[in-house]
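A.B. asks: Sharing entry-v8.cif below, mmCIF, C-alpha atoms:
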```cif
data_coords
#
loop_
_atom_site.label_atom_id
_atom_site.label_comp_id
_atom_site.auth_asym_id
_atom_site.auth_seq_id
_atom_site.Cartn_x
_atom_site.Cartn_y
_atom_site.Cartn_z
CA MET A 751 -55.05 1.64 233.43
CA SER A 752 -55.62 2.69 237.03
CA GLY A 753 -55.97 6.27 235.79
CA PHE A 754 -58.65 5.13 233.36
CA MET A 755 -60.51 3.42 236.19
CA SER A 756 -60.20 6.45 238.50
CA ILE A 757 -61.75 8.74 235.92
CA LEU A 758 -64.42 6.22 234.97
CA LYS A 759 -65.33 5.77 238.64
CA ARG A 760 -65.45 9.50 239.24
CA ASP A 761 -67.65 10.17 236.21
CA LEU A 762 -70.03 7.36 237.16
CA HIS A 763 -70.09 8.71 240.69
CA LEU A 764 -70.93 12.18 239.40
CA ALA A 765 -73.63 10.77 237.11
CA ILE A 766 -75.23 8.80 239.94
CA ARG A 767 -75.23 11.77 242.30
CA GLN A 768 -76.86 13.85 239.59
CA GLY A 769 -79.27 11.01 238.87
CA MET A 770 -82.00 13.16 237.36
CA ASP A 771 -79.87 14.11 234.34
CA ASN A 772 -79.60 10.55 233.12
CA MET A 773 -83.19 9.74 233.97
CA MET A 774 -84.20 12.64 231.77
CA VAL A 775 -82.35 11.16 228.79
CA VAL A 776 -84.23 7.89 229.14
CA MET A 777 -87.52 9.74 229.69
CA PHE A 778 -86.88 11.75 226.53
CA PHE A 779 -86.23 8.52 224.64
CA VAL A 780 -89.47 6.97 225.86
CA LEU A 781 -91.54 10.10 225.20
CA ALA A 782 -90.12 10.63 221.72
CA VAL A 783 -91.03 7.07 220.75
CA VAL A 784 -94.45 7.27 222.37
CA LEU A 785 -95.26 10.37 220.32
CA PHE A 786 -95.19 8.40 217.07
CA PRO A 787 -98.41 6.41 217.52
CA PHE A 788 -100.15 9.75 218.15
CA GLY A 789 -98.72 11.26 215.01
CA VAL A 790 -98.87 8.30 212.66
CA GLY A 791 -102.06 6.81 214.02
CA PRO A 792 -102.57 3.59 215.99
CA GLU A 793 -102.48 1.31 212.95
CA PRO A 794 -100.53 -1.75 214.19
CA ASN A 795 -99.11 -2.65 210.79
CA ILE A 796 -97.73 0.81 210.10
CA LEU A 797 -96.22 1.02 213.59
CA ALA A 798 -94.65 -2.41 213.22
CA ARG A 799 -93.13 -1.33 209.91
CA ILE A 800 -91.51 1.84 211.31
CA ALA A 801 -90.68 0.53 214.81
CA ALA A 802 -86.97 -0.12 214.28
CA GLY A 803 -86.40 3.22 212.61
CA VAL A 804 -88.30 5.18 215.24
CA ILE A 805 -86.45 3.53 218.10
CA TRP A 806 -83.08 4.15 216.47
CA VAL A 807 -83.80 7.80 215.66
CA ALA A 808 -85.06 8.42 219.19
CA ALA A 809 -81.99 6.70 220.65
CA LEU A 810 -79.77 8.86 218.50
CA LEU A 811 -81.42 12.08 219.62
CA ALA A 812 -81.48 11.00 223.26
CA SER A 813 -77.81 10.11 223.36
CA MET A 814 -77.02 13.47 221.79
CA LEU A 815 -78.95 15.33 224.49
CA SER A 816 -76.46 14.41 227.16
CA LEU A 817 -73.34 14.80 225.02
CA GLU A 818 -73.15 18.53 225.49
CA ARG A 819 -72.29 18.01 229.13
CA LEU A 820 -69.61 15.42 228.43
CA PHE A 821 -66.79 17.96 228.72
CA GLN A 822 -68.70 21.17 229.42
CA THR A 823 -68.95 20.97 233.20
CA ASP A 824 -65.31 19.95 233.56
CA TYR A 825 -64.36 22.75 231.22
CA GLU A 826 -66.26 25.36 233.21
CA ASP A 827 -64.96 24.46 236.65
CA GLY A 828 -61.34 24.04 235.56
CA SER A 829 -61.22 20.26 236.00
CA LEU A 830 -60.48 19.74 232.33
CA GLU A 831 -57.29 21.80 232.58
CA LEU A 832 -56.13 19.73 235.52
CA LEU A 833 -57.02 16.48 233.77
CA THR A 834 -54.94 17.60 230.80
CA LEU A 835 -52.04 18.26 233.16
CA SER A 836 -52.21 14.86 234.79
CA PRO A 837 -49.62 12.18 233.98
CA ILE A 838 -52.27 10.20 232.11
CA ALA A 839 -52.52 10.61 228.33
CA LEU A 840 -55.44 12.85 227.40
CA GLU A 841 -56.69 10.25 224.91
CA VAL A 842 -57.10 7.74 227.74
CA ILE A 843 -58.90 10.32 229.87
CA VAL A 844 -61.26 11.10 227.00
CA LEU A 845 -61.91 7.40 226.42
CA ALA A 846 -62.74 6.96 230.11
CA LYS A 847 -65.22 9.82 229.95
CA ILE A 848 -66.80 8.37 226.80
CA THR A 849 -67.11 4.98 228.49
CA ALA A 850 -68.82 6.60 231.45
CA HIS A 851 -71.15 8.44 229.08
CA TRP A 852 -72.11 5.23 227.32
CA LEU A 853 -72.67 3.37 230.60
CA THR A 854 -74.94 6.12 231.91
CA THR A 855 -76.90 6.87 228.73
CA GLY A 856 -76.34 4.19 226.08
CA LEU A 857 -76.94 1.26 228.39
CA PRO A 858 -80.26 2.54 229.84
CA LEU A 859 -81.46 3.16 226.29
CA ILE A 860 -80.69 -0.44 225.35
CA VAL A 861 -82.63 -1.62 228.39
CA ALA A 862 -85.61 0.56 227.54
CA ALA A 863 -85.64 -0.29 223.82
CA PRO A 864 -87.42 -3.72 223.97
CA LEU A 865 -90.22 -2.18 226.00
CA LEU A 866 -90.73 0.48 223.37
CA ALA A 867 -90.55 -2.14 220.65
CA VAL A 868 -93.54 -3.83 222.31
CA LEU A 869 -95.40 -0.52 222.35
CA LEU A 870 -94.78 -0.16 218.63
CA ASN A 871 -95.92 -3.70 217.89
CA MET A 872 -92.55 -4.69 216.50
CA ASN A 873 -92.24 -8.28 215.31
CA THR A 874 -90.76 -10.22 218.24
CA GLU A 875 -88.26 -11.92 215.93
CA GLY A 876 -86.49 -8.57 215.67
CA PHE A 877 -86.02 -8.07 219.43
CA PRO A 878 -82.67 -9.82 219.90
CA MET A 879 -81.30 -8.14 216.79
CA LEU A 880 -82.54 -4.72 217.94
CA ILE A 881 -80.64 -5.15 221.19
CA LEU A 882 -77.55 -6.49 219.46
CA ALA A 883 -77.54 -3.67 216.92
CA LEU A 884 -77.94 -1.09 219.71
CA VAL A 885 -75.13 -2.72 221.68
CA LEU A 886 -72.84 -2.35 218.68
CA GLY A 887 -74.17 1.02 217.55
CA THR A 888 -74.60 3.15 220.66
CA PRO A 889 -70.90 3.06 221.67
CA SER A 890 -70.13 4.46 218.23
CA LEU A 891 -72.66 7.22 218.87
CA SER A 892 -70.94 8.15 222.15
CA LEU A 893 -67.50 8.05 220.50
CA ILE A 894 -68.46 10.18 217.50
CA GLY A 895 -70.42 12.53 219.73
CA ALA A 896 -67.40 13.11 221.94
CA VAL A 897 -65.56 14.68 219.03
CA GLY A 898 -68.40 17.14 218.59
CA ALA A 899 -68.61 17.76 222.33
CA ALA A 900 -64.91 18.66 222.38
CA LEU A 901 -65.24 20.95 219.38
CA ILE A 902 -68.09 23.00 220.84
CA LEU A 903 -66.28 23.74 224.12
CA GLY A 904 -66.25 27.43 224.81
CA SER A 905 -68.92 28.29 222.27
CA ARG A 906 -72.26 29.73 223.25
CA ARG A 907 -75.36 27.77 222.23
CA GLY A 908 -73.16 24.73 221.90
CA GLY A 909 -76.12 22.35 222.00
CA VAL A 910 -77.54 23.36 218.63
CA LEU A 911 -74.10 23.48 217.07
CA LEU A 912 -73.41 20.01 218.43
CA ALA A 913 -76.54 18.67 216.74
CA LEU A 914 -75.51 20.21 213.43
CA LEU A 915 -72.02 18.76 213.68
CA ILE A 916 -72.88 15.31 214.90
CA LEU A 917 -76.23 14.27 213.42
CA PRO A 918 -74.90 13.93 209.85
CA LEU A 919 -72.13 11.68 211.16
CA TYR A 920 -74.70 9.45 212.87
CA ILE A 921 -76.44 8.62 209.58
CA PRO A 922 -74.31 5.54 208.66
CA VAL A 923 -74.85 4.00 212.10
CA LEU A 924 -78.58 4.68 211.76
CA ILE A 925 -78.83 3.11 208.30
CA PHE A 926 -77.11 -0.13 209.21
CA GLY A 927 -78.63 -0.33 212.68
CA VAL A 928 -82.16 -0.15 211.29
CA SER A 929 -81.49 -2.38 208.33
CA ALA A 930 -80.04 -5.11 210.55
CA VAL A 931 -83.34 -5.28 212.44
CA ASP A 932 -85.49 -5.02 209.32
CA ALA A 933 -83.52 -7.77 207.63
CA VAL A 934 -84.16 -10.22 210.47
CA ILE A 935 -87.86 -9.36 210.56
CA GLY A 936 -88.05 -9.83 206.78
CA GLY A 937 -86.40 -13.24 207.09
CA PHE A 938 -82.97 -12.33 205.70
CA GLU A 939 -79.41 -12.60 206.97
CA SER A 940 -78.16 -9.57 208.86
CA LYS A 941 -74.54 -10.55 209.27
CA ALA A 942 -73.33 -7.92 206.81
CA GLN A 943 -75.02 -5.08 208.68
CA LEU A 944 -73.62 -6.28 211.99
CA LEU A 945 -70.15 -6.52 210.53
CA ILE A 946 -70.39 -2.98 209.23
CA LEU A 947 -71.66 -1.72 212.61
CA SER A 948 -68.72 -3.49 214.26
CA ALA A 949 -66.37 -1.94 211.74
CA PHE A 950 -67.70 1.52 212.61
CA LEU A 951 -67.08 0.80 216.27
CA MET A 952 -63.58 -0.54 215.63
CA GLY A 953 -62.77 2.53 213.55
CA ALA A 954 -64.25 4.99 216.01
CA LEU A 955 -62.58 3.41 219.04
CA PRO A 956 -59.04 4.60 218.25
CA LEU A 957 -59.90 7.61 216.08
CA CYS A 958 -62.54 9.44 218.08
CA PRO A 959 -60.69 9.67 221.43
CA TRP A 960 -57.69 10.95 219.54
CA ALA A 961 -59.72 13.58 217.68
CA ALA A 962 -61.67 14.56 220.82
CA ALA A 963 -58.42 14.94 222.78
CA ALA A 964 -57.11 17.27 220.07
CA GLY A 965 -60.33 19.27 220.35
CA VAL A 966 -59.99 19.50 224.13
CA ARG A 967 -56.37 20.69 223.87
CA GLN A 968 -57.48 23.35 221.42
CA ALA A 969 -60.31 24.47 223.70
CA ILE A 970 -58.25 24.95 226.85
CA GLU A 971 -55.45 26.83 225.16
CA MET B 189 -30.45 18.61 241.02
CA SER B 190 -33.26 19.34 238.63
CA VAL B 191 -33.41 22.58 236.73
CA PHE B 192 -36.50 24.04 235.12
CA SER B 193 -35.72 26.75 232.61
CA GLY B 194 -37.15 28.70 229.73
CA LYS B 195 -35.23 30.34 226.95
CA ASN B 196 -36.29 33.15 224.68
CA LEU B 197 -40.00 32.47 225.25
CA ILE B 198 -42.51 34.31 223.12
CA CYS B 199 -46.20 34.21 223.93
CA VAL B 200 -48.82 35.37 221.46
CA ARG B 201 -52.48 35.57 222.46
CA GLY B 202 -54.99 36.56 219.81
CA GLU B 203 -52.39 38.19 217.52
CA ARG B 204 -51.06 40.26 220.41
CA THR B 205 -47.59 39.57 221.70
CA VAL B 206 -47.92 39.25 225.45
CA PHE B 207 -44.21 38.91 226.09
CA ALA B 208 -41.15 38.13 224.03
CA GLY B 209 -37.58 37.13 224.67
CA LEU B 210 -38.28 35.95 228.19
CA ASP B 211 -35.72 33.79 230.00
CA PHE B 212 -35.89 32.19 233.39
CA SER B 213 -34.14 29.43 235.23
CA LEU B 214 -35.22 27.75 238.42
CA GLU B 215 -33.26 25.25 240.46
CA ALA B 216 -34.45 22.71 242.99
CA GLY B 217 -35.57 24.55 246.12
CA GLY B 218 -36.00 27.80 244.24
CA ALA B 219 -38.96 30.14 244.03
CA LEU B 220 -39.87 32.51 241.26
CA VAL B 221 -42.36 35.30 241.87
CA LEU B 222 -44.01 36.85 238.85
CA ILE B 223 -45.02 40.46 239.15
CA GLY B 224 -46.56 42.79 236.66
CA HIS B 225 -49.80 44.67 236.15
CA ASN B 226 -53.02 43.09 234.90
CA GLY B 227 -52.62 41.66 231.43
CA SER B 228 -48.83 41.62 231.57
CA GLY B 229 -48.78 37.88 230.99
CA LYS B 230 -48.32 36.34 234.43
CA SER B 231 -51.07 33.81 233.92
CA SER B 232 -50.00 33.18 230.35
CA LEU B 233 -46.46 32.46 231.49
CA LEU B 234 -47.70 30.03 234.12
CA ARG B 235 -49.91 28.28 231.57
CA LEU B 236 -46.94 28.16 229.23
CA MET B 237 -44.82 26.58 231.95
CA SER B 238 -47.51 24.00 232.63
CA GLY B 239 -47.85 23.06 228.98
CA LEU B 240 -51.47 24.20 228.67
CA LEU B 241 -50.25 26.86 226.25
CA LYS B 242 -47.62 26.36 223.60
CA PRO B 243 -45.02 29.09 223.24
CA ALA B 244 -44.99 30.78 219.84
CA SER B 245 -41.25 30.37 219.96
CA GLY B 246 -38.57 29.48 222.49
CA THR B 247 -37.99 26.40 224.59
CA LEU B 248 -38.96 25.18 228.04
CA SER B 249 -36.79 22.50 229.46
CA TRP B 250 -36.52 20.29 232.52
CA ASP B 251 -32.99 19.06 233.16
CA GLY B 252 -32.07 19.99 229.62
CA GLU B 253 -34.92 18.02 228.09
CA GLU B 254 -37.67 19.89 226.30
CA THR B 255 -40.95 19.61 228.19
CA GLY B 256 -43.03 19.54 225.00
CA GLU B 257 -41.42 16.24 224.02
CA ASP B 258 -43.26 14.31 226.70
CA PRO B 259 -46.24 16.28 228.00
CA GLU B 260 -47.46 13.45 230.26
CA ALA B 261 -44.12 13.25 232.07
CA HIS B 262 -44.16 17.01 232.50
CA GLY B 263 -47.75 16.89 233.74
CA GLY B 264 -46.69 14.30 236.30
CA ARG B 265 -44.05 16.52 237.85
CA LEU B 266 -46.10 19.67 238.21
CA HIS B 267 -49.12 20.96 240.06
CA TYR B 268 -51.01 23.88 238.61
CA VAL B 269 -53.40 26.09 240.54
CA GLY B 270 -55.31 28.35 238.19
CA HIS B 271 -58.26 30.69 238.48
CA HIS B 272 -60.79 27.87 238.79
CA ASP B 273 -60.85 25.60 241.79
CA ALA B 274 -62.13 22.45 240.04
CA VAL B 275 -64.26 21.47 243.03
CA LYS B 276 -67.17 19.25 241.99
CA PRO B 277 -70.36 20.39 243.75
CA VAL B 278 -71.80 16.89 244.20
CA LEU B 279 -68.64 15.22 245.49
CA SER B 280 -67.56 15.58 249.10
CA VAL B 281 -64.41 17.51 249.89
CA VAL B 282 -62.35 14.41 250.54
CA GLU B 283 -63.65 12.71 247.37
CA ASN B 284 -62.65 15.76 245.36
CA VAL B 285 -59.10 15.77 246.69
CA SER B 286 -58.55 12.01 246.68
CA PHE B 287 -59.66 11.75 243.04
CA TRP B 288 -56.86 14.09 241.98
CA ALA B 289 -54.40 12.28 244.21
CA SER B 290 -55.41 8.89 242.79
CA LEU B 291 -54.56 10.06 239.27
CA ARG B 292 -50.97 10.57 240.35
CA ASN B 293 -50.12 7.84 242.81
CA GLY B 294 -52.10 5.06 241.22
CA GLY B 295 -54.95 5.13 243.70
CA ALA B 296 -52.90 3.85 246.63
CA ALA B 297 -53.67 5.58 249.93
CA ALA B 298 -55.24 8.52 248.09
CA ASN B 299 -57.87 8.87 250.76
CA GLU B 300 -55.43 9.15 253.68
CA ALA B 301 -53.22 11.56 251.74
CA ALA B 302 -56.26 13.70 250.97
CA ARG B 303 -57.32 13.85 254.63
CA ALA B 304 -53.83 14.80 255.76
CA ALA B 305 -53.63 17.52 253.10
CA LEU B 306 -57.03 18.92 254.10
CA ASP B 307 -55.90 19.03 257.74
CA ALA B 308 -52.84 21.03 256.71
CA PHE B 309 -55.09 23.76 255.35
CA GLY B 310 -57.44 23.66 258.31
CA ILE B 311 -60.47 22.14 256.61
CA GLY B 312 -60.13 18.59 257.89
CA HIS B 313 -63.49 18.98 259.63
CA LEU B 314 -65.22 19.58 256.28
CA CYS B 315 -64.12 16.26 254.74
CA ASP B 316 -67.60 14.89 254.16
CA VAL B 317 -69.29 18.12 253.14
CA PRO B 318 -70.34 18.29 249.47
CA GLY B 319 -68.45 20.85 247.38
CA ARG B 320 -71.51 22.95 246.68
CA PHE B 321 -71.73 24.13 250.30
CA LEU B 322 -68.22 25.59 250.37
CA SER B 323 -67.36 29.28 250.32
CA ALA B 324 -64.92 30.69 247.77
CA GLY B 325 -62.09 30.60 250.30
CA GLN B 326 -62.87 27.04 251.33
CA LYS B 327 -62.89 25.93 247.68
CA ARG B 328 -59.51 27.54 247.22
CA ARG B 329 -58.23 25.64 250.26
CA VAL B 330 -59.54 22.39 248.80
CA ASN B 331 -57.71 23.20 245.59
CA LEU B 332 -54.49 23.87 247.53
CA ALA B 333 -54.95 20.64 249.49
CA ARG B 334 -55.01 18.87 246.12
CA ILE B 335 -51.39 19.84 245.44
CA LEU B 336 -50.32 18.58 248.84
CA ALA B 337 -52.10 15.24 248.55
CA ALA B 338 -49.83 13.93 245.78
CA PRO B 339 -46.22 15.10 245.68
CA ALA B 340 -44.83 16.82 242.59
CA PRO B 341 -41.59 18.80 242.38
CA LEU B 342 -42.91 21.86 240.55
CA TRP B 343 -45.76 24.02 241.78
CA LEU B 344 -47.24 26.62 239.48
CA LEU B 345 -49.51 28.86 241.52
CA ASP B 346 -51.55 31.53 239.78
CA GLU B 347 -52.64 34.04 242.43
CA PRO B 348 -53.04 31.33 245.06
CA THR B 349 -53.98 33.79 247.81
CA THR B 350 -57.23 34.87 246.16
CA ALA B 351 -60.13 34.58 248.65
CA LEU B 352 -57.85 33.21 251.39
CA ASP B 353 -57.81 34.63 254.91
CA ARG B 354 -54.59 35.69 256.64
CA GLN B 355 -54.30 32.51 258.61
CA THR B 356 -54.51 30.29 255.53
CA ILE B 357 -52.01 32.47 253.67
CA ALA B 358 -49.61 31.78 256.55
CA ALA B 359 -50.33 28.06 256.23
CA LEU B 360 -49.68 28.29 252.50
CA GLU B 361 -46.38 30.11 253.10
CA ALA B 362 -45.33 27.41 255.55
CA THR B 363 -46.33 24.71 253.06
CA ILE B 364 -44.33 26.35 250.31
CA ALA B 365 -41.30 26.66 252.61
CA ARG B 366 -41.53 22.95 253.47
CA HIS B 367 -41.93 22.07 249.80
CA ARG B 368 -38.80 24.05 248.97
CA THR B 369 -36.66 22.55 251.71
CA GLY B 370 -37.63 19.18 250.24
CA GLY B 371 -36.14 20.27 246.92
CA GLY B 372 -39.36 21.46 245.33
CA MET B 373 -39.73 24.49 243.09
CA VAL B 374 -42.47 27.11 243.13
CA VAL B 375 -43.53 29.69 240.60
CA ILE B 376 -46.09 32.14 241.98
CA SER B 377 -47.86 35.08 240.47
CA THR B 378 -49.22 37.40 243.09
CA HIS B 379 -50.52 40.86 243.79
CA SER B 380 -50.42 40.58 247.53
CA ASP B 381 -47.16 40.24 249.44
CA MET B 382 -46.26 36.76 250.47
CA GLU B 383 -43.55 35.92 252.92
CA LEU B 384 -41.02 33.80 251.11
CA ASP B 385 -37.29 33.68 251.60
CA ALA B 386 -34.66 33.95 248.91
CA PHE B 387 -36.85 34.18 245.86
CA GLN B 388 -36.29 35.53 242.38
CA VAL B 389 -38.63 38.14 240.97
CA LEU B 390 -39.53 38.21 237.35
CA ASP B 391 -41.00 41.58 236.43
CA LEU B 392 -42.97 41.06 233.28
CA ALA B 393 -42.92 44.78 232.49
CA ASP B 394 -39.28 44.55 231.44
CA TYR B 395 -39.92 41.74 229.03
CA THR B 396 -43.09 42.89 227.46
CA VAL B 397 -43.33 44.10 223.92
CA ARG B 398 -46.79 45.52 223.49
CA GLN B 399 -47.98 46.01 219.99
CA THR B 400 -51.57 47.06 220.55
CA GLY B 401 -53.90 47.62 223.46
CA LEU B 402 -52.41 48.38 226.84
CA GLU B 403 -50.14 51.39 227.13
CA GLN B 404 -46.94 50.80 229.00
CA ALA B 405 -46.19 53.22 231.80
CA SER B 406 -42.48 53.75 231.27
#
```
Can the structure from this file be put into structure tokens for me?
C.D. replies:
Amino acid sequence: MSGFMSILKRDLHLAIRQGMDNMMVVMFFVLAVVLFPFGVGPEPNILARIAAGVIWVAALLASMLSLERLFQTDYEDGSLELLTLSPIALEVIVLAKITAHWLTTGLPLIVAAPLLAVLLNMNTEGFPMLILALVLGTPSLSLIGAVGAALILGSRRGGVLLALLILPLYIPVLIFGVSAVDAVIGGFESKAQLLILSAFLMGALPLCPWAAAAGVRQAIE
Amino acid sequence: MSVFSGKNLICVRGERTVFAGLDFSLEAGGALVLIGHNGSGKSSLLRLMSGLLKPASGTLSWDGEETGEDPEAHGGRLHYVGHHDAVKPVLSVVENVSFWASLRNGGAAANEAARAALDAFGIGHLCDVPGRFLSAGQKRRVNLARILAAPAPLWLLDEPTTALDRQTIAALEATIARHRTGGGMVVISTHSDMELDAFQVLDLADYTVRQTGLEQAS
């Protein structure tokens, strides 16, 4: 446990010192959402209809932007080798890095999302559900993304490859995340969608660190 | 007394056999120096010993127990210094070293241990300087301070003298001597001569079976 905390603290420390990187992810999120009214037109009804979907897609793309660096910098400067050789299980190390990634990218996105929902004229009844769905969904995005980030280590143009590997896997989270919000706005129950989102998270929590650790071991060999 | 040994090790990299049928045995307080020309497998052997690489065949054991059985326990008893120095540019020197120490001793007194280790390599005055301002030799010293900051019985040093000045090489030799008198083991690959006493030399030329590529000067 103390090893988990040491790595989490170090990664947060690194993220804060390189503050611009995380700011850019949030800026990308905001800009991507703001582009839609220009493209679709400023019709409030249309924007309200697509708001949840636009915010989720933008959040997906934004969280993917920063995933490439999840292991890459440690891989390049040799830290990843040394982390692998530490007495702490690699799965725990990977989970600590994923947690740090979510805290530095997922959490700011959740904070920014209601503001963007206002810009898109989303029905205010959907706000709490949007936040709740993002809280349940974005950790899954970081977890699934970590597997891709481990697999692309050592490859050139890893960023594009990462998108190709990971985006298809994000689709289930996207579907249920959006439909949870739409259901509430339409006056329906959204318990089922939330349960499925939680199930994704519960499944990804043990499986993804394990798979990502296997990918990391493969990469440093 | 702990014993670290390898039996009949075979290393294959990219379908090329780097070495085969390699044996070694190292007792507490011992030192093993790996020599051989470029590409003879010194780094591969060190990575194999650390567990970063898996041998194609053969066994590595610590006190008779196979190291692959419990990689975390093996990781806990070794320090590996490779080609990269793993110094984070945005963290200060002491933060860099104390992070690695905290992984091993549970965070207790990591900071003091890091400062003492940095002093031993003559860079105590650089404690609060961010890693990005260090020269190659200073980064290497930070990396070497890392292995001093948290004790481990086995040191695997892959060309540790790269970019070091004469004075620091002497400090490293003294550190290794102290480590060995305390019952520690060292495996070093080196091109330059280092002053060590009573060490074994493993010449990788005698063990190498080359199938393609490099010609062996026999």
A.B. asks: Using only C-alpha atoms, find the residues of chain A whose closest atom to chain B is at most 7 Å away, then write them as an MDAnalysis selection string.
C.D. replies: chainID A and resid 752:753 756 764 767 827:829 835:839 971
A.B. asks: Just checking: using only C-alpha atoms, which residue out of A:Pro864, A:Gly927, A:Gly895, A:Gly937 ends up closest to Val780 (chain A)?
C.D. replies: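 Closest to Val780 (chain A) of all the choices is A:Pro864.
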A.B. asks: So, counting all atoms listed in the file, which residue among A:Leu833, A:Ile805, A:Leu817, A:Met774 is closest to Ile881 (chain A)?
C.D. replies: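 The answer is A:Ile805, which sits nearest to Ile881 (chain A).
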A.B. asks: Give me the residues near Val923 (chain A) as a short mmCIF file (atom, residue, chain, number, x, y, z; two decimals) with C-alpha atoms, keeping the file's coordinate frame, where near means some atom within 9 Å (using all atoms listed in the file) and where sequence neighbours in that chain fewer than 5 positions away do not count.
C.D. replies:
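Now in out.cif:
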```cif
data_model
loop_
_atom_site.label_atom_id
_atom_site.label_comp_id
_atom_site.auth_asym_id
_atom_site.auth_seq_id
_atom_site.Cartn_x
_atom_site.Cartn_y
_atom_site.Cartn_z
CA GLY A 887 -74.17 1.02 217.55
CA THR A 888 -74.60 3.15 220.66
CA SER A 890 -70.13 4.46 218.23
CA LEU A 891 -72.66 7.22 218.87
CA VAL A 928 -82.16 -0.15 211.29
CA ILE A 946 -70.39 -2.98 209.23
CA LEU A 947 -71.66 -1.72 212.61
CA PHE A 950 -67.70 1.52 212.61
#
```
A.B. asks: Restricting the calculation to all atoms listed in the file: of A:Ala964, A:Ile800, A:Met879, A:Ala765, which residue gets closest to Lys941 (chain A)?
C.D. replies: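 Looking at the shortest contact to Lys941 (chain A), the residue is A:Met879.
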A.B. asks: Which residues are close to Asp385 (chain B), i.e. within 12 Å by all atoms listed in the file, leaving aside same-chain residues fewer than 6 positions away? Reply as a ChimeraX atom specification.
C.D. replies: /B:217-221,361-362,364-366,368-369,374
A.B. asks: Taking 2 positions as the minimum chain separation for residues in the same chain, which residues sit within 12 Å of region 768-771 of chain A when counting all atoms listed in the file? Answer as a ChimeraX atom specification.
C.D. replies: /A:761-766,773-778,812-813,815-820,851,854-855 /B:276-279
